$ cat input09.cif   # mmCIF, C-alpha atoms
data_upload
loop_
_atom_site.label_atom_id
_atom_site.label_comp_id
_atom_site.auth_asym_id
_atom_site.auth_seq_id
_atom_site.Cartn_x
_atom_site.Cartn_y
_atom_site.Cartn_z
CA MET A 73 122.40 110.82 91.54
CA PRO A 74 125.66 108.79 91.65
CA THR A 75 125.93 106.07 94.30
CA PRO A 76 129.04 104.29 95.66
CA ASP A 77 131.76 103.52 93.17
CA LEU A 78 131.49 99.77 92.42
CA ASP A 79 134.82 99.27 90.58
CA HIS A 80 137.00 100.92 93.21
CA GLY A 81 138.56 103.62 91.15
CA ALA A 82 138.67 101.82 87.77
CA LYS A 83 138.97 104.04 84.74
CA HIS A 84 135.32 103.63 83.86
CA PRO A 85 133.64 102.74 87.12
CA VAL A 86 130.19 101.16 86.95
CA ARG A 87 127.90 103.06 89.21
CA LEU A 88 124.25 102.69 90.21
CA TRP A 89 122.14 105.59 89.11
CA ARG A 90 118.78 106.31 90.57
CA VAL A 91 116.45 107.10 87.68
CA ARG A 92 112.78 107.88 87.59
CA ILE A 93 111.15 105.51 85.11
CA TRP A 94 107.40 105.33 85.81
CA ASP A 95 105.21 108.42 85.82
CA LEU A 96 102.44 108.87 88.35
CA PRO A 97 99.52 108.09 85.98
CA THR A 98 101.06 104.76 84.96
CA ARG A 99 101.67 103.76 88.57
CA LEU A 100 98.19 104.84 89.67
CA PHE A 101 96.67 102.94 86.76
CA HIS A 102 98.61 99.84 87.71
CA TRP A 103 97.64 99.75 91.39
CA LEU A 104 94.04 100.87 90.86
CA VAL A 105 93.56 98.03 88.38
CA VAL A 106 95.09 95.58 90.87
CA GLY A 107 92.63 96.73 93.53
CA LEU A 108 89.61 96.84 91.23
CA PHE A 109 90.41 93.47 89.67
CA ALA A 110 90.44 91.88 93.13
CA PHE A 111 87.28 93.78 94.06
CA SER A 112 85.53 92.63 90.88
CA TRP A 113 86.46 89.04 91.61
CA TRP A 114 85.16 89.25 95.16
CA THR A 115 81.89 91.00 94.23
CA ALA A 116 81.24 88.42 91.51
CA GLU A 117 81.84 85.50 93.85
CA SER A 118 79.69 87.00 96.59
CA ASP A 119 76.80 88.04 94.29
CA ARG A 120 77.20 91.79 94.79
CA LEU A 121 76.45 92.43 91.16
CA ASP A 122 75.67 96.15 91.46
CA TRP A 123 79.14 96.77 92.92
CA HIS A 124 80.65 94.39 90.39
CA ILE A 125 79.17 96.42 87.54
CA LEU A 126 80.43 99.73 89.00
CA SER A 127 83.88 98.23 89.41
CA GLY A 128 83.75 97.16 85.77
CA TYR A 129 82.95 100.72 84.67
CA ALA A 130 85.95 102.01 86.62
CA ILE A 131 88.26 99.40 85.08
CA LEU A 132 86.90 100.19 81.62
CA ALA A 133 87.57 103.92 82.08
CA LEU A 134 91.08 103.21 83.39
CA VAL A 135 91.90 100.89 80.49
CA VAL A 136 90.61 103.41 77.94
CA PHE A 137 92.81 105.98 79.64
CA ARG A 138 95.80 103.60 79.57
CA ILE A 139 95.42 103.06 75.84
CA TYR A 140 95.38 106.84 75.32
CA TRP A 141 98.42 107.11 77.61
CA GLY A 142 100.12 104.45 75.50
CA PHE A 143 100.15 106.97 72.66
CA VAL A 144 100.69 110.31 74.39
CA GLY A 145 102.15 109.39 77.78
CA SER A 146 105.70 109.38 79.08
CA ASP A 147 108.42 107.41 77.27
CA THR A 148 108.10 104.25 79.33
CA ALA A 149 104.29 104.20 79.05
CA ARG A 150 104.22 104.36 75.25
CA PHE A 151 103.44 101.29 73.17
CA THR A 152 106.02 102.31 70.57
CA THR A 153 108.70 102.26 73.27
CA PHE A 154 107.95 98.95 74.92
CA LEU A 155 106.52 96.80 72.12
CA LYS A 156 109.52 95.18 70.46
CA GLY A 157 109.65 92.98 67.36
CA PRO A 158 110.14 89.20 67.42
CA ARG A 159 113.92 89.42 66.99
CA THR A 160 114.41 91.50 70.16
CA PHE A 161 111.81 89.39 71.93
CA PHE A 162 113.58 86.09 71.24
CA ALA A 163 117.05 87.51 71.77
CA TYR A 164 115.90 88.69 75.17
CA SER A 165 114.22 85.36 75.97
CA ARG A 166 117.55 83.54 75.40
CA ARG A 167 119.23 85.76 77.99
CA LEU A 168 116.36 85.47 80.47
CA LEU A 169 118.23 83.14 82.83
CA ASP A 170 121.50 85.12 82.73
CA ARG A 171 122.85 86.44 86.00
CA PRO A 172 122.99 89.31 86.61
CA VAL A 173 119.70 89.82 84.77
CA HIS A 174 119.40 92.49 82.16
CA ILE A 175 118.01 95.54 83.95
CA SER A 176 115.49 97.37 81.80
CA GLN A 177 114.67 101.03 82.04
CA GLY A 178 110.94 100.30 81.73
CA HIS A 179 109.21 97.22 80.40
CA ASN A 180 111.58 94.55 79.11
CA PRO A 181 110.98 93.13 75.60
CA MET A 182 108.96 90.17 76.93
CA GLY A 183 107.16 92.04 79.70
CA GLY A 184 105.90 94.62 77.22
CA TRP A 185 103.87 91.96 75.42
CA SER A 186 102.49 90.69 78.69
CA VAL A 187 101.37 94.24 79.48
CA ILE A 188 99.62 94.71 76.15
CA ALA A 189 97.96 91.29 76.52
CA LEU A 190 96.68 92.23 79.98
CA ILE A 191 95.37 95.58 78.74
CA ALA A 192 93.65 93.99 75.72
CA LEU A 193 92.08 91.24 77.84
CA LEU A 194 90.86 93.75 80.44
CA LEU A 195 89.25 95.77 77.66
CA LEU A 196 87.64 92.63 76.22
CA GLN A 197 86.52 91.53 79.68
CA ALA A 198 84.89 94.85 80.54
CA GLY A 199 83.32 94.94 77.06
CA LEU A 200 81.81 91.47 77.49
CA GLY A 201 80.47 92.52 80.87
CA LEU A 202 78.48 95.33 79.23
CA PHE A 203 76.42 92.74 77.35
CA ALA A 204 76.33 89.92 79.89
CA ILE A 205 73.21 88.74 81.70
CA ASP A 206 72.71 86.23 84.49
CA VAL A 207 70.79 83.00 84.00
CA ASP A 208 67.68 84.44 85.69
CA GLY A 209 67.51 87.42 83.35
CA ILE A 210 67.71 89.86 86.27
CA ASN A 211 71.25 91.21 86.61
CA ALA A 212 72.59 92.49 83.33
CA GLY A 213 75.25 94.75 81.90
CA PRO A 214 74.07 98.20 80.74
CA LEU A 215 74.07 97.32 77.02
CA ASP A 216 72.39 93.96 77.41
CA ASN A 217 69.16 95.37 75.98
CA LEU A 218 70.92 95.57 72.59
CA VAL A 219 71.28 91.77 72.39
CA SER A 220 69.08 88.69 72.82
CA PHE A 221 68.96 86.60 75.99
CA GLU A 222 71.03 83.89 74.26
CA THR A 223 73.71 86.38 73.20
CA GLY A 224 73.73 87.90 76.69
CA ARG A 225 74.20 84.44 78.17
CA ARG A 226 77.02 83.73 75.73
CA ALA A 227 78.66 87.03 76.73
CA ALA A 228 78.37 85.95 80.38
CA GLY A 229 79.98 82.61 79.54
CA LEU A 230 82.85 84.30 77.73
CA HIS A 231 83.13 86.78 80.62
CA GLY A 232 83.84 83.76 82.83
CA LEU A 233 86.31 82.28 80.36
CA VAL A 234 88.25 85.51 79.85
CA PHE A 235 88.40 85.94 83.61
CA ASN A 236 90.20 82.62 83.91
CA ILE A 237 92.64 83.62 81.17
CA LEU A 238 93.24 86.93 82.96
CA LEU A 239 93.87 85.06 86.18
CA MET A 240 96.48 82.86 84.50
CA LEU A 241 98.17 85.82 82.87
CA THR A 242 98.19 87.67 86.19
CA ALA A 243 99.83 84.66 87.84
CA LEU A 244 102.48 84.65 85.10
CA HIS A 245 103.00 88.40 85.55
CA VAL A 246 103.46 88.03 89.32
CA ALA A 247 105.74 85.01 88.87
CA ALA A 248 107.95 87.00 86.47
CA VAL A 249 108.13 89.92 88.90
CA LEU A 250 109.12 87.57 91.73
CA TYR A 251 111.70 85.93 89.47
CA TYR A 252 113.38 89.28 88.74
CA TRP A 253 113.30 90.12 92.42
CA LEU A 254 114.59 86.84 93.85
CA TRP A 255 116.85 85.64 91.06
CA GLY A 256 117.82 88.90 89.46
CA ARG A 257 117.88 91.19 92.49
CA ASP A 258 115.84 93.64 90.42
CA ASN A 259 112.92 94.87 92.52
CA LEU A 260 110.24 95.83 90.02
CA ILE A 261 107.57 96.27 92.69
CA ASP A 262 109.50 99.03 94.41
CA ALA A 263 109.91 100.80 91.08
CA MET A 264 106.17 100.53 90.37
CA ILE A 265 105.47 102.14 93.76
CA THR A 266 108.12 104.87 93.92
CA GLY A 267 108.53 105.34 90.19
CA ALA A 268 112.32 105.13 90.45
CA LYS A 269 114.91 102.37 90.25
CA LEU A 270 118.68 101.92 90.39
CA MET A 271 120.29 101.40 86.98
CA PRO A 272 123.91 100.17 86.74
CA GLY A 273 126.11 101.97 84.21
CA VAL A 274 129.29 103.85 83.59
CA GLU A 275 127.46 106.83 82.24
CA PRO A 276 124.25 108.13 83.75
CA PRO A 277 121.34 106.49 81.93
CA ARG A 278 119.33 108.69 79.60
CA ALA A 279 116.55 110.43 81.47
CA THR A 280 112.98 109.32 80.88
CA ARG A 281 110.92 111.90 79.05
CA PHE A 282 107.86 112.55 81.16
CA ALA A 283 104.55 113.74 79.78
CA PRO A 284 102.84 116.62 81.59
CA LEU A 285 100.40 115.53 84.31
CA GLY A 286 97.68 117.79 82.92
CA ARG A 287 97.59 115.66 79.79
CA ALA A 288 96.85 112.62 81.93
CA VAL A 289 94.09 114.40 83.85
CA LEU A 290 92.43 115.47 80.59
CA GLY A 291 92.69 111.93 79.23
CA LEU A 292 91.21 110.41 82.35
CA ILE A 293 88.27 112.83 82.32
CA ALA A 294 87.64 112.08 78.65
CA ALA A 295 87.82 108.32 79.30
CA ALA A 296 85.40 108.58 82.22
CA LEU A 297 82.97 110.66 80.15
CA LEU A 298 83.17 108.17 77.29
CA VAL A 299 82.35 105.27 79.61
CA ALA A 300 79.56 107.27 81.26
CA CYS A 301 78.02 107.94 77.85
CA VAL A 302 78.23 104.28 76.84
CA VAL A 303 76.59 102.99 80.02
CA LEU A 304 74.04 105.74 80.61
CA TRP A 305 72.87 106.34 77.07
CA ARG A 306 69.50 104.75 76.35
CA PHE A 307 70.15 103.11 73.01
CA MET B 195 29.85 34.82 58.93
CA ARG B 196 28.93 34.82 62.59
CA LEU B 197 32.47 33.89 63.39
CA MET B 198 33.71 36.87 61.44
CA VAL B 199 31.39 39.22 63.29
CA GLN B 200 32.58 37.74 66.57
CA LYS B 201 36.19 38.20 65.55
CA PHE B 202 35.47 41.75 64.47
CA VAL B 203 33.82 42.59 67.78
CA ILE B 204 36.70 41.08 69.71
CA LEU B 205 39.15 43.08 67.65
CA LEU B 206 37.16 46.26 68.17
CA VAL B 207 36.83 45.80 71.93
CA GLY B 208 40.44 44.73 72.21
CA SER B 209 41.75 47.74 70.37
CA ALA B 210 39.46 49.99 72.40
CA ILE B 211 41.41 48.82 75.43
CA VAL B 212 44.89 48.46 73.99
CA MET B 213 45.05 51.66 71.94
CA PRO B 214 44.45 54.21 74.73
CA ALA B 215 46.86 52.25 76.93
CA GLY B 216 49.49 52.48 74.24
CA TYR B 217 48.76 56.15 73.74
CA LEU B 218 49.11 56.84 77.45
CA ALA B 219 52.36 54.90 77.59
CA ALA B 220 53.69 56.99 74.73
CA ALA B 221 52.61 60.21 76.49
CA GLU B 222 54.64 59.32 79.58
CA LEU B 223 57.77 61.46 79.35
CA THR B 224 61.18 60.10 80.24
CA PRO B 225 63.10 61.88 83.04
CA ALA B 226 65.48 63.26 80.42
CA GLU B 227 62.56 64.75 78.48
CA ILE B 228 61.09 66.25 81.63
CA ILE B 229 64.45 67.85 82.52
CA LYS B 230 64.87 69.21 79.03
CA THR B 231 61.36 70.65 78.96
CA ARG B 232 61.70 72.32 82.36
CA GLN B 233 65.05 73.79 81.35
CA GLU B 234 63.42 75.27 78.26
CA HIS B 235 60.61 76.69 80.36
CA LEU B 236 62.99 78.20 82.92
CA LYS B 237 65.11 79.66 80.15
CA ASP B 238 61.97 81.14 78.66
CA MET B 239 61.18 82.66 82.06
CA GLY B 240 64.68 84.21 82.18
CA ALA B 241 64.24 85.58 78.66
CA SER B 242 60.84 87.03 79.68
CA MET B 243 62.45 88.74 82.68
CA LYS B 244 65.03 90.20 80.33
CA ALA B 245 62.31 91.37 77.94
CA ILE B 246 60.76 93.39 80.77
CA VAL B 247 64.16 94.67 81.99
CA ASP B 248 64.84 95.81 78.41
CA GLN B 249 61.55 97.72 78.38
CA VAL B 250 62.38 99.41 81.69
CA LYS B 251 65.76 100.41 80.28
CA THR B 252 64.13 102.30 77.43
CA GLY B 253 62.54 104.62 80.02
CA LYS B 254 59.21 104.28 78.20
CA PRO B 255 58.16 100.66 78.60
CA ASP B 256 55.95 99.16 75.92
CA VAL B 257 52.90 98.04 77.89
CA SER B 258 51.93 95.15 75.62
CA ILE B 259 55.46 93.67 75.46
CA ALA B 260 55.96 94.00 79.21
CA THR B 261 52.49 92.64 80.04
CA ASP B 262 52.82 89.66 77.71
CA ALA B 263 56.17 88.73 79.22
CA ALA B 264 54.87 89.16 82.77
CA LYS B 265 51.80 87.02 82.01
CA LYS B 266 54.06 84.32 80.65
CA ILE B 267 56.11 84.33 83.87
CA ALA B 268 52.92 84.25 85.96
CA ALA B 269 51.55 81.29 83.99
CA TYR B 270 54.82 79.38 84.19
CA SER B 271 55.16 80.12 87.90
CA ARG B 272 51.98 78.15 88.62
CA GLU B 273 53.25 75.13 86.67
CA LEU B 274 56.75 75.25 88.10
CA PRO B 275 56.27 72.99 91.17
CA LYS B 276 55.08 70.20 88.83
CA TRP B 277 58.28 70.31 86.78
CA PHE B 278 60.25 68.38 89.36
CA PRO B 279 58.77 64.87 89.69
CA LYS B 280 60.83 62.28 91.56
CA GLY B 281 63.59 60.79 89.42
CA THR B 282 64.44 64.00 87.55
CA GLY B 283 67.51 64.90 89.59
CA ASP B 284 71.09 63.80 89.00
CA GLU B 285 69.94 60.17 88.93
CA ALA B 286 68.38 60.83 85.50
CA GLY B 287 71.93 60.82 84.13
CA ILE B 288 71.76 64.13 82.28
CA LYS B 289 73.09 67.45 83.40
CA THR B 290 70.73 69.30 85.71
CA ALA B 291 71.28 72.07 88.23
CA ALA B 292 68.37 70.79 90.33
CA LYS B 293 69.72 69.92 93.75
CA PRO B 294 68.70 66.75 95.65
CA GLU B 295 67.28 69.07 98.34
CA ILE B 296 64.21 69.54 96.12
CA TRP B 297 63.21 65.95 96.87
CA ALA B 298 64.74 65.75 100.34
CA GLN B 299 62.78 68.79 101.59
CA PRO B 300 59.72 68.82 99.35
CA ASP B 301 57.72 71.07 101.69
CA ASP B 302 60.44 73.72 101.75
CA PHE B 303 60.72 73.53 97.98
CA GLN B 304 56.98 73.89 97.55
CA ALA B 305 56.94 76.86 99.95
CA ALA B 306 59.82 78.58 98.12
CA ALA B 307 58.23 77.97 94.72
CA GLU B 308 54.86 79.33 95.90
CA LYS B 309 56.43 82.70 96.61
CA LEU B 310 56.68 83.39 92.90
CA PRO B 311 53.06 83.46 91.61
CA PRO B 312 51.92 86.40 93.82
CA GLU B 313 54.98 88.44 92.81
CA ALA B 314 54.50 87.53 89.16
CA ASP B 315 50.85 88.62 89.37
CA LYS B 316 51.96 91.96 90.78
CA LEU B 317 54.45 92.19 87.93
CA VAL B 318 51.57 91.82 85.46
CA GLU B 319 49.75 94.65 87.23
CA ALA B 320 52.87 96.83 87.30
CA ALA B 321 53.52 96.12 83.61
CA ALA B 322 50.01 97.29 82.76
CA THR B 323 50.75 100.72 84.24
CA GLY B 324 53.65 101.29 81.85
CA ASP B 325 55.48 103.10 84.65
CA ALA B 326 59.20 102.33 84.43
CA ALA B 327 59.90 102.92 88.14
CA MET B 328 57.01 100.72 89.27
CA ILE B 329 57.89 97.92 86.88
CA GLY B 330 61.54 98.18 87.92
CA ALA B 331 60.64 97.86 91.60
CA GLN B 332 58.39 94.86 90.99
CA LEU B 333 61.08 93.27 88.81
CA GLN B 334 63.38 93.41 91.82
CA ALA B 335 60.73 91.79 94.02
CA THR B 336 60.07 89.09 91.43
CA GLY B 337 63.79 88.49 91.01
CA LYS B 338 64.09 88.01 94.77
CA ALA B 339 61.40 85.32 94.62
CA CYS B 340 63.28 83.54 91.79
CA GLN B 341 66.57 83.74 93.61
CA GLY B 342 65.12 82.83 96.99
CA CYS B 343 64.37 79.40 95.59
CA HIS B 344 67.47 79.20 93.39
CA LYS B 345 69.87 79.94 96.26
CA VAL B 346 68.78 76.80 98.09
CA PHE B 347 67.62 74.41 95.39
CA ARG B 348 69.85 75.14 92.39
CA VAL B 349 73.52 74.43 91.81
CA PRO B 350 75.08 77.90 91.31
CA PRO B 351 75.70 78.62 87.63
CA GLN B 352 79.37 78.51 86.64
CA GLU B 353 80.03 81.73 84.83
CA HIS B 354 82.53 83.48 87.00
#
$ encode --input "input09.cif" --output "structure tokens"
Amino acid sequence: MPTPDLDHGAKHPVRLWRVRIWDLPTRLFHWLVVGLFAFSWWTAESDRLDWHILSGYAILALVVFRIYWGFVGSDTARFTTFLKGPRTFFAYSRRLLDRPVHISQGHNPMGGWSVIALIALLLLQAGLGLFAIDVDGINAGPLDNLVSFETGRRAAGLHGLVFNILLMLTALHVAAVLYYWLWGRDNLIDAMITGAKLMPGVEPPRATRFAPLGRAVLGLIAAALLVACVVLWRF
Amino acid sequence: MRLMVQKFVILLVGSAIVMPAGYLAAAELTPAEIIKTRQEHLKDMGASMKAIVDQVKTGKPDVSIATDAAKKIAAYSRELPKWFPKGTGDEAGIKTAAKPEIWAQPDDFQAAAEKLPPEADKLVEAAATGDAAMIGAQLQATGKACQGCHKVFRVPPQEH
């Protein structure tokens, strides 16, 4: 959809094109994880361990789904699309302070690595939670019976450490988003809610290839079943 | 000769007095040792709780494992109030989660600690039945007794 002509009748006018970049599953994943991460934090601080554990299962299922979606999802959700090599990464980092900022049709070359780091740490965090146990030996993750008390305590300690790392990475993520918004006039939050953003260009930007929604539903069901098996199975 | 006998008797009597005194002095534990020992005991109690939780999780609890662990908790629970003599708080200079309230409100501490033995005894009984649901329920009750005291008298563990 073409928007007002920015170059006032120049031969190759730069226009803003509204393009859909994020599919529904990716957006839902993002905001559900935001909510559940906050919920997990709160339930841990307020000793509501049964809710904390359920929240962890939900995050685990969502992350497993996101990894699957990273292989078979829409263009912008795929790891092969947004994980760039060091050359692109550093070239992009040198232009980070440029104005106007480089507007990416999806994750930018630095943001992509932040996304994969967050996904990997969430997976690790949920995994540690499965084996963690509290100091009194009462509240424990579902797989804690597979390890000793000492190992369960160590898992709980690491669970605390990884949480702090996740918190720092989240702060960095939010800071970067605010930077693009305030400095670069590129509102990434709006795009993550609506799925669409305005891209400047002479030609209309290439359309994002979207994966069918049914594929996401199947993946989510499979991920939920996998997590259910892991936590309910009596090993 | 007589002098030697006298000397020998003096030595004998003297050592009869000095040796037990020395032995008793050596048996007196330092605050650091007391803290370390009680931490080991409490950790052992936590591990015993876990051992029973593990049995419940199997769906078919092993009666002897669960009973042994419950008996251990019950035995420890009776000793527990004695693990906190004066001088074994922060002033001992080693890391302890024992709050000063233990010594500031000794009656409250005693009352909170005394809630555990009856629950632990019931846990032994429940363990003997081998019934996962019953053991699970009594684990919850025992855990409440642990945490009832911990909430007030222990510095919250830093793991999240």
$ atom_distance --input "input09.cif" --atom1 "atom CA of B:Lys266" --atom2 "atom CA of B:Ala305"
20.9 Å
$ atom_distance --input "input09.cif" --atom1 "atom CA of A:Ile205" --atom2 "atom CA of B:Ala263"
17.2 Å
$ closest_atom_pairs --input "input09.cif" --of "chain B" --to "chain A" --cutoff "8 Å" --atoms "all atoms listed in the file" --output "CSV"
residue,atom,partner,partner_atom,distance
B:Lys237,CA,A:Val207,CA,7.6
B:Met239,CA,A:Asp208,CA,7.7
B:Gly240,CA,A:Gly209,CA,4.4
B:Ala241,CA,A:Phe221,CA,5.5
B:Ser242,CA,A:Gly209,CA,7.6
B:Met243,CA,A:Gly209,CA,5.3
B:Lys244,CA,A:Gly209,CA,4.8
B:Val247,CA,A:Ile210,CA,7.4
B:Asp248,CA,A:Asn217,CA,5.0
B:Lys251,CA,A:Arg306,CA,6.9
B:Thr252,CA,A:Arg306,CA,6.0
B:Gly253,CA,A:Arg306,CA,7.9
B:Leu333,CA,A:Ile210,CA,7.9
B:Gln334,CA,A:Ile210,CA,7.9
B:Gly337,CA,A:Ile210,CA,6.3
B:Cys340,CA,A:Asp208,CA,7.6
B:Pro351,CA,A:Val207,CA,7.5
B:Gln352,CA,A:Gly232,CA,7.9
B:Glu353,CA,A:Gly232,CA,4.8
B:His354,CA,A:Gly232,CA,4.4
$ write_last_selection --input "input09.cif" --atoms "C-alpha atoms" --output "CSV table (one decimal), in the coordinates of the input"
chain,number,residue,atom,x,y,z
B,237,LYS,CA,65.1,79.7,80.2
B,239,MET,CA,61.2,82.7,82.1
B,240,GLY,CA,64.7,84.2,82.2
B,241,ALA,CA,64.2,85.6,78.7
B,242,SER,CA,60.8,87.0,79.7
B,243,MET,CA,62.4,88.7,82.7
B,244,LYS,CA,65.0,90.2,80.3
B,247,VAL,CA,64.2,94.7,82.0
B,248,ASP,CA,64.8,95.8,78.4
B,251,LYS,CA,65.8,100.4,80.3
B,252,THR,CA,64.1,102.3,77.4
B,253,GLY,CA,62.5,104.6,80.0
B,333,LEU,CA,61.1,93.3,88.8
B,334,GLN,CA,63.4,93.4,91.8
B,337,GLY,CA,63.8,88.5,91.0
B,340,CYS,CA,63.3,83.5,91.8
B,351,PRO,CA,75.7,78.6,87.6
B,352,GLN,CA,79.4,78.5,86.6
B,353,GLU,CA,80.0,81.7,84.8
B,354,HIS,CA,82.5,83.5,87.0
$ resolve_selection --input "input09.cif" --expression "the PyMOL selection byres ((chain B and resi 229) around 9)" --output "VMD selection string"
chain B and resid 224 to 228 230 to 234 277 to 278 282 to 283 286 288 to 290
$ closest_residue --input "input09.cif" --among "A:Val173, A:Ala288, A:Met271, A:Phe282" --to "A:Tyr251" --atoms "only C-alpha atoms"
A:Val173
$ resolve_selection --input "input09.cif" --expression "the PyMOL selection byres ((chain A and resi 275) around 10)" --output "PyMOL selection string"
chain A and resi 74+84-89+272-274+276-278
$ residues_around --input "input09.cif" --residues "B:Ala298" --least-positions-apart "4" --cutoff "12 Å" --atoms "all atoms listed in the file" --output "PyMOL selection string"
chain B and resi 280+283+292-294+302-304+346-347
$ write_last_selection --input "input09.cif" --atoms "C-alpha atoms" --output "PDB file, in the frame of the given file"
ATOM      1  CA  LYS B 280      60.830  62.280  91.560  1.00  0.00           C
ATOM      2  CA  GLY B 283      67.510  64.900  89.590  1.00  0.00           C
ATOM      3  CA  ALA B 292      68.370  70.790  90.330  1.00  0.00           C
ATOM      4  CA  LYS B 293      69.720  69.920  93.750  1.00  0.00           C
ATOM      5  CA  PRO B 294      68.700  66.750  95.650  1.00  0.00           C
ATOM      6  CA  ASP B 302      60.440  73.720 101.750  1.00  0.00           C
ATOM      7  CA  PHE B 303      60.720  73.530  97.980  1.00  0.00           C
ATOM      8  CA  GLN B 304      56.980  73.890  97.550  1.00  0.00           C
ATOM      9  CA  VAL B 346      68.780  76.800  98.090  1.00  0.00           C
ATOM     10  CA  PHE B 347      67.620  74.410  95.390  1.00  0.00           C
TER      11      PHE B 347
END
$ residues_around --input "input09.cif" --residues "A:Ser127" --least-positions-apart "3" --cutoff "7 Å" --atoms "only C-alpha atoms" --output "MDAnalysis selection string"
chainID A and resid 108 112 123:124 130:131
$ write_last_selection --input "input09.cif" --atoms "C-alpha atoms" --output "PDB file, in the coordinates of the input"
ATOM      1  CA  LEU A 108      89.610  96.840  91.230  1.00  0.00           C
ATOM      2  CA  SER A 112      85.530  92.630  90.880  1.00  0.00           C
ATOM      3  CA  TRP A 123      79.140  96.770  92.920  1.00  0.00           C
ATOM      4  CA  HIS A 124      80.650  94.390  90.390  1.00  0.00           C
ATOM      5  CA  ALA A 130      85.950 102.010  86.620  1.00  0.00           C
ATOM      6  CA  ILE A 131      88.260  99.400  85.080  1.00  0.00           C
TER       7      ILE A 131
END
$ atom_distance --input "input09.cif" --atom1 "atom CA of A:Gly291" --atom2 "atom CA of A:Leu239"
27.8 Å
$ residues_around --input "input09.cif" --residues "A:Tyr129" --least-positions-apart "2" --cutoff "10 Å" --atoms "only C-alpha atoms" --output "short mmCIF file (atom, residue, chain, number, x, y, z; two decimals) with C-alpha atoms, in the coordinates of the input"
data_model
loop_
_atom_site.label_atom_id
_atom_site.label_comp_id
_atom_site.auth_asym_id
_atom_site.auth_seq_id
_atom_site.Cartn_x
_atom_site.Cartn_y
_atom_site.Cartn_z
CA TRP A 123 79.14 96.77 92.92
CA HIS A 124 80.65 94.39 90.39
CA ILE A 125 79.17 96.42 87.54
CA LEU A 126 80.43 99.73 89.00
CA SER A 127 83.88 98.23 89.41
CA ILE A 131 88.26 99.40 85.08
CA LEU A 132 86.90 100.19 81.62
CA ALA A 133 87.57 103.92 82.08
CA LEU A 134 91.08 103.21 83.39
CA VAL A 135 91.90 100.89 80.49
CA ALA A 198 84.89 94.85 80.54
CA GLY A 199 83.32 94.94 77.06
CA GLY A 201 80.47 92.52 80.87
CA LEU A 202 78.48 95.33 79.23
CA ALA A 296 85.40 108.58 82.22
CA VAL A 299 82.35 105.27 79.61
CA ALA A 300 79.56 107.27 81.26
CA VAL A 302 78.23 104.28 76.84
CA VAL A 303 76.59 102.99 80.02
#
$ resolve_selection --input "input09.cif" --expression "the PyMOL selection byres ((chain B and resi 316) around 12)" --output "PyMOL selection string"
chain B and resi 261+264-265+267-268+309-315+317-323+328-336
$ closest_residue --input "input09.cif" --among "B:Ile246, B:Ile259, B:Leu236, B:Leu223" --to "B:His344" --atoms "only C-alpha atoms"
B:Leu236
$ residues_around --input "input09.cif" --residues "stretch 136-148 of chain A" --least-positions-apart "2" --cutoff "7 Å" --atoms "all atoms listed in the file" --output "PDB file with C-alpha atoms, in the coordinates of the input"
ATOM      1  CA  ILE A  93     111.150 105.510  85.110  1.00  0.00           C
ATOM      2  CA  TRP A  94     107.400 105.330  85.810  1.00  0.00           C
ATOM      3  CA  ASP A  95     105.210 108.420  85.820  1.00  0.00           C
ATOM      4  CA  LEU A 132      86.900 100.190  81.620  1.00  0.00           C
ATOM      5  CA  ALA A 133      87.570 103.920  82.080  1.00  0.00           C
ATOM      6  CA  LEU A 134      91.080 103.210  83.390  1.00  0.00           C
ATOM      7  CA  ARG A 150     104.220 104.360  75.250  1.00  0.00           C
ATOM      8  CA  PHE A 151     103.440 101.290  73.170  1.00  0.00           C
ATOM      9  CA  THR A 153     108.700 102.260  73.270  1.00  0.00           C
ATOM     10  CA  PHE A 154     107.950  98.950  74.920  1.00  0.00           C
ATOM     11  CA  GLY A 178     110.940 100.300  81.730  1.00  0.00           C
ATOM     12  CA  THR A 280     112.980 109.320  80.880  1.00  0.00           C
ATOM     13  CA  ARG A 281     110.920 111.900  79.050  1.00  0.00           C
ATOM     14  CA  PHE A 282     107.860 112.550  81.160  1.00  0.00           C
ATOM     15  CA  ALA A 283     104.550 113.740  79.780  1.00  0.00           C
ATOM     16  CA  GLY A 291      92.690 111.930  79.230  1.00  0.00           C
ATOM     17  CA  LEU A 292      91.210 110.410  82.350  1.00  0.00           C
ATOM     18  CA  ALA A 295      87.820 108.320  79.300  1.00  0.00           C
TER      19      ALA A 295
END
